[in-house]
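S.K.: Enclosed is the structure file entry_25.cif (mmCIF, C-alpha atoms; chains and numbers go by the auth columns).
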data_work
#
loop_
_atom_site.group_PDB
_atom_site.id
_atom_site.type_symbol
_atom_site.label_atom_id
_atom_site.label_comp_id
_atom_site.label_asym_id
_atom_site.label_seq_id
_atom_site.Cartn_x
_atom_site.Cartn_y
_atom_site.Cartn_z
_atom_site.B_iso_or_equiv
_atom_site.auth_seq_id
_atom_site.auth_asym_id
ATOM 1 C CA GLU A 1 100.344 78.448 111.815 0.00 1 X
ATOM 2 C CA THR A 2 100.283 77.655 108.100 0.00 2 X
ATOM 3 C CA GLY A 3 101.283 73.991 108.269 0.00 3 X
ATOM 4 C CA VAL A 4 104.417 74.700 106.228 0.00 4 X
ATOM 5 C CA THR A 5 107.534 73.536 108.025 0.00 5 X
ATOM 6 C CA GLN A 6 111.179 74.286 107.356 0.00 6 X
ATOM 7 C CA SER A 7 114.448 72.957 108.715 0.00 7 X
ATOM 8 C CA PRO A 8 116.818 73.872 110.110 0.00 8 X
ATOM 9 C CA THR A 9 115.750 77.078 111.859 0.00 9 X
ATOM 10 C CA HIS A 10 119.212 78.589 111.899 0.00 10 X
ATOM 11 C CA LEU A 11 122.426 77.693 110.146 0.00 11 X
ATOM 12 C CA ILE A 12 125.950 79.074 110.145 0.00 12 X
ATOM 13 C CA LYS A 13 128.244 78.179 107.244 0.00 13 X
ATOM 14 C CA THR A 14 131.610 79.269 105.953 0.00 14 X
ATOM 15 C CA ARG A 15 132.144 80.905 102.575 0.00 15 X
ATOM 16 C CA GLY A 16 132.636 78.270 99.889 0.00 16 X
ATOM 17 C CA GLN A 17 130.640 75.574 101.656 0.00 17 X
ATOM 18 C CA GLN A 18 127.395 74.008 100.480 0.00 18 X
ATOM 19 C CA VAL A 19 124.043 74.016 102.263 0.00 19 X
ATOM 20 C CA THR A 20 120.724 72.158 101.959 0.00 20 X
ATOM 21 C CA LEU A 21 117.497 73.608 103.318 0.00 21 X
ATOM 22 C CA ARG A 22 114.287 71.618 103.612 0.00 22 X
ATOM 23 C CA CYS A 23 110.591 72.398 103.393 0.00 23 X
ATOM 24 C CA SER A 24 107.371 70.451 103.855 0.00 24 X
ATOM 25 C CA SER A 25 104.327 71.932 102.203 0.00 25 X
ATOM 26 C CA GLN A 26 100.906 72.449 103.725 0.00 26 X
ATOM 27 C CA SER A 27 98.495 69.550 103.417 0.00 27 X
ATOM 28 C CA GLY A 28 96.690 69.713 100.076 0.00 28 X
ATOM 29 C CA HIS A 29 99.322 71.920 98.436 0.00 29 X
ATOM 30 C CA ASN A 30 101.422 70.577 95.560 0.00 30 X
ATOM 31 C CA THR A 31 103.511 73.652 94.710 0.00 31 X
ATOM 32 C CA VAL A 32 106.508 74.971 96.590 0.00 32 X
ATOM 33 C CA SER A 33 108.216 78.329 96.010 0.00 33 X
ATOM 34 C CA TRP A 34 111.480 79.454 97.538 0.00 34 X
ATOM 35 C CA TYR A 35 112.368 83.046 98.395 0.00 35 X
ATOM 36 C CA GLN A 36 115.414 84.837 99.773 0.00 36 X
ATOM 37 C CA GLN A 37 114.836 87.768 102.093 0.00 37 X
ATOM 38 C CA ALA A 38 117.754 90.016 102.953 0.00 38 X
ATOM 39 C CA LEU A 39 117.509 92.286 105.969 0.00 39 X
ATOM 40 C CA GLY A 40 115.192 95.221 105.330 0.00 40 X
ATOM 41 C CA GLN A 41 114.052 93.919 101.939 0.00 41 X
ATOM 42 C CA GLY A 42 111.045 92.102 100.604 0.00 42 X
ATOM 43 C CA PRO A 43 111.370 88.421 99.679 0.00 43 X
ATOM 44 C CA GLN A 44 113.008 87.720 96.314 0.00 44 X
ATOM 45 C CA PHE A 45 111.780 84.779 94.244 0.00 45 X
ATOM 46 C CA ILE A 46 114.355 82.030 93.717 0.00 46 X
ATOM 47 C CA PHE A 47 112.288 79.310 91.991 0.00 47 X
ATOM 48 C CA GLN A 48 109.097 77.297 92.136 0.00 48 X
ATOM 49 C CA TYR A 49 108.501 73.553 91.948 0.00 49 X
ATOM 50 C CA TYR A 50 105.339 71.882 90.721 0.00 50 X
ATOM 51 C CA ARG A 51 105.003 68.139 90.182 0.00 51 X
ATOM 52 C CA GLU A 52 108.701 67.664 90.907 0.00 52 X
ATOM 53 C CA GLU A 53 109.797 70.053 88.138 0.00 53 X
ATOM 54 C CA GLU A 54 111.080 73.614 88.201 0.00 54 X
ATOM 55 C CA ASN A 55 108.158 75.793 87.170 0.00 55 X
ATOM 56 C CA GLY A 56 109.814 79.199 87.117 0.00 56 X
ATOM 57 C CA ARG A 57 113.049 80.797 88.233 0.00 57 X
ATOM 58 C CA GLY A 58 114.098 84.211 89.440 0.00 58 X
ATOM 59 C CA ASN A 59 117.361 86.022 88.891 0.00 59 X
ATOM 60 C CA PHE A 60 119.581 83.671 90.875 0.00 60 X
ATOM 61 C CA PRO A 61 122.748 81.908 89.645 0.00 61 X
ATOM 62 C CA PRO A 62 122.857 78.152 88.907 0.00 62 X
ATOM 63 C CA ARG A 63 124.562 77.449 92.223 0.00 63 X
ATOM 64 C CA PHE A 64 121.053 77.778 93.646 0.00 64 X
ATOM 65 C CA SER A 65 119.252 74.538 92.838 0.00 65 X
ATOM 66 C CA GLY A 66 116.298 72.623 94.140 0.00 66 X
ATOM 67 C CA LEU A 67 114.296 69.448 94.219 0.00 67 X
ATOM 68 C CA GLN A 68 110.735 68.479 94.875 0.00 68 X
ATOM 69 C CA PHE A 69 109.797 65.004 96.055 0.00 69 X
ATOM 70 C CA PRO A 70 106.673 62.930 95.344 0.00 70 X
ATOM 71 C CA ASN A 71 105.206 63.957 98.719 0.00 71 X
ATOM 72 C CA TYR A 72 105.596 67.622 97.571 0.00 72 X
ATOM 73 C CA SER A 73 108.325 68.413 100.097 0.00 73 X
ATOM 74 C CA SER A 74 111.270 70.320 98.688 0.00 74 X
ATOM 75 C CA GLU A 75 114.937 71.102 99.124 0.00 75 X
ATOM 76 C CA LEU A 76 116.954 74.198 98.308 0.00 76 X
ATOM 77 C CA ASN A 77 120.659 73.640 97.711 0.00 77 X
ATOM 78 C CA VAL A 78 123.200 76.418 97.539 0.00 78 X
ATOM 79 C CA ASN A 79 126.769 75.654 96.447 0.00 79 X
ATOM 80 C CA ALA A 80 129.896 77.763 96.865 0.00 80 X
ATOM 81 C CA LEU A 81 128.344 79.975 99.524 0.00 81 X
ATOM 82 C CA GLU A 82 129.108 83.683 99.408 0.00 82 X
ATOM 83 C CA LEU A 83 128.813 86.257 102.170 0.00 83 X
ATOM 84 C CA ASP A 84 125.865 87.855 100.341 0.00 84 X
ATOM 85 C CA ASP A 85 123.929 84.603 100.650 0.00 85 X
ATOM 86 C CA SER A 86 123.337 85.443 104.305 0.00 86 X
ATOM 87 C CA ALA A 87 119.574 85.900 104.515 0.00 87 X
ATOM 88 C CA LEU A 88 116.267 84.437 105.629 0.00 88 X
ATOM 89 C CA TYR A 89 115.236 81.659 103.244 0.00 89 X
ATOM 90 C CA LEU A 90 111.520 81.207 102.971 0.00 90 X
ATOM 91 C CA CYS A 91 109.516 78.368 101.556 0.00 91 X
ATOM 92 C CA ALA A 92 105.912 78.965 100.510 0.00 92 X
ATOM 93 C CA SER A 93 103.337 76.399 99.498 0.00 93 X
ATOM 94 C CA SER A 94 100.290 76.780 97.317 0.00 94 X
ATOM 95 C CA SER A 95 98.035 74.924 94.913 0.00 95 X
ATOM 96 C CA LEU A 96 96.697 75.602 91.439 0.00 96 X
ATOM 97 C CA GLN A 97 93.241 75.687 92.996 0.00 97 X
ATOM 98 C CA PRO A 98 92.190 78.174 94.175 0.00 98 X
ATOM 99 C CA ASP A 99 95.250 80.200 93.154 0.00 99 X
ATOM 100 C CA ILE A 100 98.893 79.244 92.720 0.00 100 X
ATOM 101 C CA TYR A 101 99.820 82.745 93.872 0.00 101 X
ATOM 102 C CA GLU A 102 97.966 82.416 97.196 0.00 102 X
ATOM 103 C CA GLN A 103 101.126 81.345 98.960 0.00 103 X
ATOM 104 C CA TYR A 104 101.630 80.492 102.603 0.00 104 X
ATOM 105 C CA PHE A 105 105.060 80.776 104.145 0.00 105 X
ATOM 106 C CA GLY A 106 106.907 78.539 106.526 0.00 106 X
ATOM 107 C CA PRO A 107 108.862 79.965 109.459 0.00 107 X
ATOM 108 C CA GLY A 108 112.053 80.306 107.398 0.00 108 X
ATOM 109 C CA THR A 109 115.682 79.299 107.772 0.00 109 X
ATOM 110 C CA ARG A 110 118.132 81.982 108.855 0.00 110 X
ATOM 111 C CA LEU A 111 121.437 81.367 107.047 0.00 111 X
ATOM 112 C CA THR A 112 124.587 83.155 108.119 0.00 112 X
ATOM 113 C CA VAL A 113 127.693 82.856 105.945 0.00 113 X
ATOM 114 C CA THR A 114 130.986 83.851 107.564 0.00 114 X
ATOM 115 C CA GLN B 1 111.080 100.814 87.419 0.00 1 W
ATOM 116 C CA LYS B 2 110.579 98.337 90.229 0.00 2 W
ATOM 117 C CA GLU B 3 107.796 95.807 89.766 0.00 3 W
ATOM 118 C CA VAL B 4 106.196 96.667 93.108 0.00 4 W
ATOM 119 C CA GLU B 5 106.718 99.853 95.086 0.00 5 W
ATOM 120 C CA GLN B 6 105.396 100.711 98.523 0.00 6 W
ATOM 121 C CA ASN B 7 105.250 104.014 100.328 0.00 7 W
ATOM 122 C CA SER B 8 108.367 104.399 102.375 0.00 8 W
ATOM 123 C CA GLY B 9 108.005 104.172 106.100 0.00 9 W
ATOM 124 C CA PRO B 10 108.175 103.972 108.870 0.00 10 W
ATOM 125 C CA LEU B 11 104.573 104.865 109.568 0.00 11 W
ATOM 126 C CA SER B 12 103.674 105.778 113.128 0.00 12 W
ATOM 127 C CA VAL B 13 100.024 106.019 114.123 0.00 13 W
ATOM 128 C CA PRO B 14 98.284 106.431 117.486 0.00 14 W
ATOM 129 C CA GLU B 15 96.250 103.560 118.863 0.00 15 W
ATOM 130 C CA GLY B 16 92.724 103.631 117.467 0.00 16 W
ATOM 131 C CA ALA B 17 93.671 105.566 114.313 0.00 17 W
ATOM 132 C CA ILE B 18 93.603 104.403 110.694 0.00 18 W
ATOM 133 C CA ALA B 19 96.870 103.268 109.125 0.00 19 W
ATOM 134 C CA SER B 20 96.971 103.671 105.346 0.00 20 W
ATOM 135 C CA LEU B 21 99.460 101.692 103.264 0.00 21 W
ATOM 136 C CA ASN B 22 99.970 102.147 99.543 0.00 22 W
ATOM 137 C CA CYS B 23 101.403 99.999 96.783 0.00 23 W
ATOM 138 C CA THR B 24 101.860 100.521 93.038 0.00 24 W
ATOM 139 C CA TYR B 25 102.770 97.854 90.507 0.00 25 W
ATOM 140 C CA SER B 26 104.088 97.868 86.964 0.00 26 W
ATOM 141 C CA ASP B 27 102.501 94.790 85.325 0.00 27 W
ATOM 142 C CA ARG B 28 99.102 95.796 83.923 0.00 28 W
ATOM 143 C CA GLY B 29 98.239 92.121 83.451 0.00 29 W
ATOM 144 C CA SER B 30 98.323 91.320 87.171 0.00 30 W
ATOM 145 C CA GLN B 31 95.039 89.814 88.326 0.00 31 W
ATOM 146 C CA SER B 32 95.532 89.158 92.035 0.00 32 W
ATOM 147 C CA PHE B 33 97.103 91.152 94.805 0.00 33 W
ATOM 148 C CA PHE B 34 98.259 90.151 98.251 0.00 34 W
ATOM 149 C CA TRP B 35 99.108 91.796 101.542 0.00 35 W
ATOM 150 C CA TYR B 36 101.387 90.054 104.008 0.00 36 W
ATOM 151 C CA ARG B 37 102.179 91.045 107.586 0.00 37 W
ATOM 152 C CA GLN B 38 105.649 90.283 108.934 0.00 38 W
ATOM 153 C CA TYR B 39 106.526 90.640 112.578 0.00 39 W
ATOM 154 C CA SER B 40 110.169 91.245 113.405 0.00 40 W
ATOM 155 C CA GLY B 41 112.139 88.017 113.168 0.00 41 W
ATOM 156 C CA LYS B 42 109.180 86.068 111.774 0.00 42 W
ATOM 157 C CA SER B 43 108.059 84.988 108.317 0.00 43 W
ATOM 158 C CA PRO B 44 105.378 86.792 106.260 0.00 44 W
ATOM 159 C CA GLU B 45 101.753 85.952 107.041 0.00 45 W
ATOM 160 C CA LEU B 46 99.063 86.333 104.376 0.00 46 W
ATOM 161 C CA ILE B 47 96.370 88.666 105.707 0.00 47 W
ATOM 162 C CA MET B 48 94.444 89.857 102.637 0.00 48 W
ATOM 163 C CA PHE B 49 94.049 89.183 98.952 0.00 49 W
ATOM 164 C CA ILE B 50 91.971 91.009 96.367 0.00 50 W
ATOM 165 C CA TYR B 51 91.107 90.269 92.743 0.00 51 W
ATOM 166 C CA SER B 52 88.467 92.807 91.739 0.00 52 W
ATOM 167 C CA ASN B 53 88.452 96.572 91.545 0.00 53 W
ATOM 168 C CA GLY B 54 86.971 98.201 94.604 0.00 54 W
ATOM 169 C CA ASP B 55 87.141 97.426 98.290 0.00 55 W
ATOM 170 C CA LYS B 56 87.395 94.176 100.207 0.00 56 W
ATOM 171 C CA GLU B 57 86.898 94.199 103.950 0.00 57 W
ATOM 172 C CA ASP B 58 88.022 91.588 106.483 0.00 58 W
ATOM 173 C CA GLY B 59 87.597 92.630 110.077 0.00 59 W
ATOM 174 C CA ARG B 60 89.644 95.765 110.691 0.00 60 W
ATOM 175 C CA PHE B 61 91.466 95.421 107.365 0.00 61 W
ATOM 176 C CA THR B 62 90.267 96.868 104.055 0.00 62 W
ATOM 177 C CA ALA B 63 92.083 96.296 100.773 0.00 63 W
ATOM 178 C CA GLN B 64 91.391 98.702 97.908 0.00 64 W
ATOM 179 C CA LEU B 65 92.258 97.973 94.292 0.00 65 W
ATOM 180 C CA ASN B 66 92.332 100.281 91.292 0.00 66 W
ATOM 181 C CA LYS B 67 93.644 98.393 88.264 0.00 67 W
ATOM 182 C CA ALA B 68 93.437 101.401 85.944 0.00 68 W
ATOM 183 C CA SER B 69 95.826 103.301 88.216 0.00 69 W
ATOM 184 C CA GLN B 70 97.811 100.127 89.065 0.00 70 W
ATOM 185 C CA TYR B 71 97.366 100.878 92.712 0.00 71 W
ATOM 186 C CA VAL B 72 96.434 98.740 95.707 0.00 72 W
ATOM 187 C CA SER B 73 96.149 99.902 99.286 0.00 73 W
ATOM 188 C CA LEU B 74 95.570 98.473 102.736 0.00 74 W
ATOM 189 C CA LEU B 75 93.717 100.294 105.494 0.00 75 W
ATOM 190 C CA ILE B 76 93.972 99.179 109.088 0.00 76 W
ATOM 191 C CA ARG B 77 91.129 100.625 111.128 0.00 77 W
ATOM 192 C CA ASP B 78 91.187 101.020 114.922 0.00 78 W
ATOM 193 C CA SER B 79 94.929 100.281 114.918 0.00 79 W
ATOM 194 C CA GLN B 80 96.196 98.243 117.841 0.00 80 W
ATOM 195 C CA PRO B 81 99.735 97.809 119.210 0.00 81 W
ATOM 196 C CA SER B 82 99.583 94.229 117.898 0.00 82 W
ATOM 197 C CA ASP B 83 99.367 95.668 114.365 0.00 83 W
ATOM 198 C CA SER B 84 102.942 96.959 114.698 0.00 84 W
ATOM 199 C CA ALA B 85 104.764 95.066 111.958 0.00 85 W
ATOM 200 C CA THR B 86 106.083 95.371 108.421 0.00 86 W
ATOM 201 C CA TYR B 87 103.420 95.075 105.729 0.00 87 W
ATOM 202 C CA LEU B 88 104.425 93.644 102.367 0.00 88 W
ATOM 203 C CA CYS B 89 102.525 94.095 99.124 0.00 89 W
ATOM 204 C CA ALA B 90 102.879 91.197 96.635 0.00 90 W
ATOM 205 C CA VAL B 91 101.872 90.995 92.990 0.00 91 W
ATOM 206 C CA PRO B 92 102.150 87.925 90.721 0.00 92 W
ATOM 207 C CA SER B 93 104.052 87.941 87.447 0.00 93 W
ATOM 208 C CA ASN B 94 103.874 85.668 84.423 0.00 94 W
ATOM 209 C CA ASP B 95 106.660 83.383 85.554 0.00 95 W
ATOM 210 C CA TYR B 96 104.790 82.138 88.623 0.00 96 W
ATOM 211 C CA LYS B 97 106.656 84.339 91.043 0.00 97 W
ATOM 212 C CA LEU B 98 105.274 86.774 93.568 0.00 98 W
ATOM 213 C CA SER B 99 107.037 90.131 93.377 0.00 99 W
ATOM 214 C CA PHE B 100 107.207 91.863 96.732 0.00 100 W
ATOM 215 C CA GLY B 101 107.634 95.468 97.671 0.00 101 W
ATOM 216 C CA ALA B 102 110.263 96.386 100.237 0.00 102 W
ATOM 217 C CA GLY B 103 107.567 96.718 102.883 0.00 103 W
ATOM 218 C CA THR B 104 106.239 99.497 105.077 0.00 104 W
ATOM 219 C CA THR B 105 106.921 99.310 108.789 0.00 105 W
ATOM 220 C CA VAL B 106 103.995 100.370 110.938 0.00 106 W
ATOM 221 C CA THR B 107 104.310 101.342 114.590 0.00 107 W
ATOM 222 C CA VAL B 108 101.139 101.798 116.615 0.00 108 W
ATOM 223 C CA ARG B 109 101.848 103.910 119.669 0.00 109 W
ATOM 224 C CA ALA B 110 99.702 103.513 122.764 0.00 110 W
#
Give the structure from this file in structure tokens form.

M.R.:
Amino acid sequence: ETGVTQSPTHLIKTRGQQVTLRCSSQSGHNTVSWYQQALGQGPQFIFQYYREEENGRGNFPPRFSGLQFPNYSSELNVNALELDDSALYLCASSSLQPDIYEQYFGPGTRLTVT
Amino acid sequence: QKEVEQNSGPLSVPEGAIASLNCTYSDRGSQSFFWYRQYSGKSPELIMFIYSNGDKEDGRFTAQLNKASQYVSLLIRDSQPSDSATYLCAVPSNDYKLSFGAGTTVTVRA
């Protein structure tokens, strides 16, 4: 167990709807990264939040947005859901010390878009 | 060219054998390298990281790094059925992301 929690575990939405996924980082970690993992693929970086600001973004459209709160927890929002958004969404927490890239994943949220 | 490439699987090894997993990366500036294990239906679990050229051992796992060849590998010695999983290689890039390979699925047969 990494101490990173995510909710909900599973979610089914209809195309065009909006969804919010939540993540609580591991104690002592102030950075949260979000990834999308399609079946049979490695995780793809969506964005990272540090000190409540977006610290980097992958190749995802603006309908993917996020927030980080003062307690370092984070949300991922996806608007206008498309069928291709069906995936496992992973949150990973880390800290500048020892290494911002030493990232620990939560259990993930499985999103199905019908 | 993909940022991170792993040898295609699946890889099937007998119990007690050595499983060898390979990964190449494109960014010569990368300084740290990570191996994650992902069981079916679960999230990735960090099992090894390496920063310096050479070998790093942790129990039955050995990570090997060759920055000149842009190559990192993972050896699993005395493979056990519980090692059956997908192994993901991850390499940082300048924009704070981890780039992952597609993974190599390992099956340890009893």

S.K.: So which one's closest to Glu102 of chain X, X:Leu83, X:Leu88, X:Val32, X:Ile46? Using all atoms listed in the file, please.

M.R.: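 Looking only at the distances to Glu102 of chain X, the closest residue turns out to be X:Val32.
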
S.K.: Taking all atoms listed in the file into account, which of X:Ala38, X:Leu76, X:Leu81, X:Ile12 comes nearest chain W?

M.R.: X:Ala38

S.K.: Check which residues of segment 50-109 of chain W sit at most 8 Å from segment 22-46 of chain W using all atoms listed in the file, and return one row each with the closest pair of atoms and their distance in Å to one decimal, ordered by chain and rising number, as JSON lines.

M.R.:
{"residue": "W:Ile50", "atom": "CA", "partner": "W:Phe33", "partner_atom": "CA", "distance": 5.4}
{"residue": "W:Tyr51", "atom": "CA", "partner": "W:Ser32", "partner_atom": "CA", "distance": 4.6}
{"residue": "W:Ser52", "atom": "CA", "partner": "W:Ser32", "partner_atom": "CA", "distance": 8.0}
{"residue": "W:Lys67", "atom": "CA", "partner": "W:Arg28", "partner_atom": "CA", "distance": 7.4}
{"residue": "W:Gln70", "atom": "CA", "partner": "W:Tyr25", "partner_atom": "CA", "distance": 5.6}
{"residue": "W:Tyr71", "atom": "CA", "partner": "W:Thr24", "partner_atom": "CA", "distance": 4.5}
{"residue": "W:Val72", "atom": "CA", "partner": "W:Cys23", "partner_atom": "CA", "distance": 5.2}
{"residue": "W:Ser73", "atom": "CA", "partner": "W:Asn22", "partner_atom": "CA", "distance": 4.4}
{"residue": "W:Leu74", "atom": "CA", "partner": "W:Asn22", "partner_atom": "CA", "distance": 6.6}
{"residue": "W:Ser84", "atom": "CA", "partner": "W:Tyr39", "partner_atom": "CA", "distance": 7.6}
{"residue": "W:Ala85", "atom": "CA", "partner": "W:Tyr39", "partner_atom": "CA", "distance": 4.8}
{"residue": "W:Thr86", "atom": "CA", "partner": "W:Gln38", "partner_atom": "CA", "distance": 5.1}
{"residue": "W:Tyr87", "atom": "CA", "partner": "W:Arg37", "partner_atom": "CA", "distance": 4.6}
{"residue": "W:Leu88", "atom": "CA", "partner": "W:Tyr36", "partner_atom": "CA", "distance": 5.0}
{"residue": "W:Cys89", "atom": "CA", "partner": "W:Trp35", "partner_atom": "CA", "distance": 4.8}
{"residue": "W:Ala90", "atom": "CA", "partner": "W:Phe34", "partner_atom": "CA", "distance": 5.0}
{"residue": "W:Val91", "atom": "CA", "partner": "W:Phe33", "partner_atom": "CA", "distance": 5.1}
{"residue": "W:Pro92", "atom": "CA", "partner": "W:Ser30", "partner_atom": "CA", "distance": 6.2}
{"residue": "W:Ser93", "atom": "CA", "partner": "W:Ser30", "partner_atom": "CA", "distance": 6.7}
{"residue": "W:Gly101", "atom": "CA", "partner": "W:Cys23", "partner_atom": "CA", "distance": 7.8}

S.K.: Here's a test: counting all atoms listed in the file, identify every protein, DNA and RNA residue with an atom at most 7 Å from (100.7, 105.5, 112.7) in the file's coordinate frame, and state them as a list in words.

M.R.: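 Within 7 Å of (100.7, 105.5, 112.7), the protein and nucleic acid residues are Leu11, Ser12, Val13, Pro14, Ala19, Val106, Thr107 and Val108 of chain W.
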
S.K.: Do you know which residues the PyMOL selection byres ((chain X) within 7 of (chain W)) returns on this file, as a ChimeraX atom specification?

M.R.: /X:41-43,45,56,101,104-108

S.K.: Between atom CA of Leu67 of chain X and atom CA of Val4 of chain W, what distance in Å does the model show, to one decimal?

M.R.: 28.4 Å

S.K.: Hey, which of W:Ala68, W:Ile47, W:Lys56, W:Ala63 ends up closest to Thr2 of chain X? Count all atoms listed in the file.

M.R.: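 The shortest atom-to-atom distance to Thr2 of chain X comes from W:Ile47.
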
S.K.: Write out as a PyMOL selection string the residues lying within 8 Å of Asp55 of chain W, counting only C-alpha atoms and excluding same-chain residues fewer than 2 positions away.

M.R.: chain W and resi 53+57+62-65

S.K.: Give me the residues of segment 51-91 of chain X that have any atom at most 8 Å from an atom of segment 16-24 of chain X; for each, the nearest atom pair and the distance in Å, rounded to one decimal. Use all atoms listed in the file, sort by chain and number, and format it as a Markdown table.

M.R.:
| residue | atom | partner | partner_atom | distance |
| --- | --- | --- | --- | --- |
| X:Tyr72 | CA | X:Ser24 | CA | 7.1 |
| X:Ser73 | CA | X:Ser24 | CA | 4.4 |
| X:Ser74 | CA | X:Cys23 | CA | 5.2 |
| X:Glu75 | CA | X:Arg22 | CA | 4.6 |
| X:Leu76 | CA | X:Leu21 | CA | 5.1 |
| X:Asn77 | CA | X:Thr20 | CA | 4.5 |
| X:Val78 | CA | X:Val19 | CA | 5.4 |
| X:Asn79 | CA | X:Gln18 | CA | 4.4 |
| X:Ala80 | CA | X:Gly16 | CA | 4.1 |
| X:Leu81 | CA | X:Gly16 | CA | 4.6 |
| X:Glu82 | CA | X:Gly16 | CA | 6.5 |
| X:Cys91 | CA | X:Cys23 | CA | 6.3 |

S.K.: For atom CA of Lys13 of chain X and atom CA of Glu52 of chain X, determine how far apart the two atoms are, in Å to one decimal place.

M.R.: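 Straight-line distance from atom CA of Lys13 of chain X to atom CA of Glu52 of chain X works out to 27.6 Å.
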
S.K.: How far is it from atom CA of Ser93 of chain X to atom CA of Gln26 of chain X, in Å with one decimal?

M.R.: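 Atom CA of Gln26 of chain X lies at a distance of 6.3 Å from atom CA of Ser93 of chain X.
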
S.K.: Taking 4 positions as the minimum chain separation for residues in the same chain, which residues sit within 10 Å of Phe60 of chain X when counting all atoms listed in the file? Answer as a ChimeraX atom specification.

M.R.: /X:36,44-47,64-65

S.K.: Which is closest to Leu39 of chain X among X:Glu54, X:Asp84, X:Asp99, X:Ala92, if we use only C-alpha atoms?

M.R.: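 Of X:Glu54, X:Asp84, X:Asp99, X:Ala92, the one nearest Leu39 of chain X, counting only C-alpha atoms, is X:Asp84.
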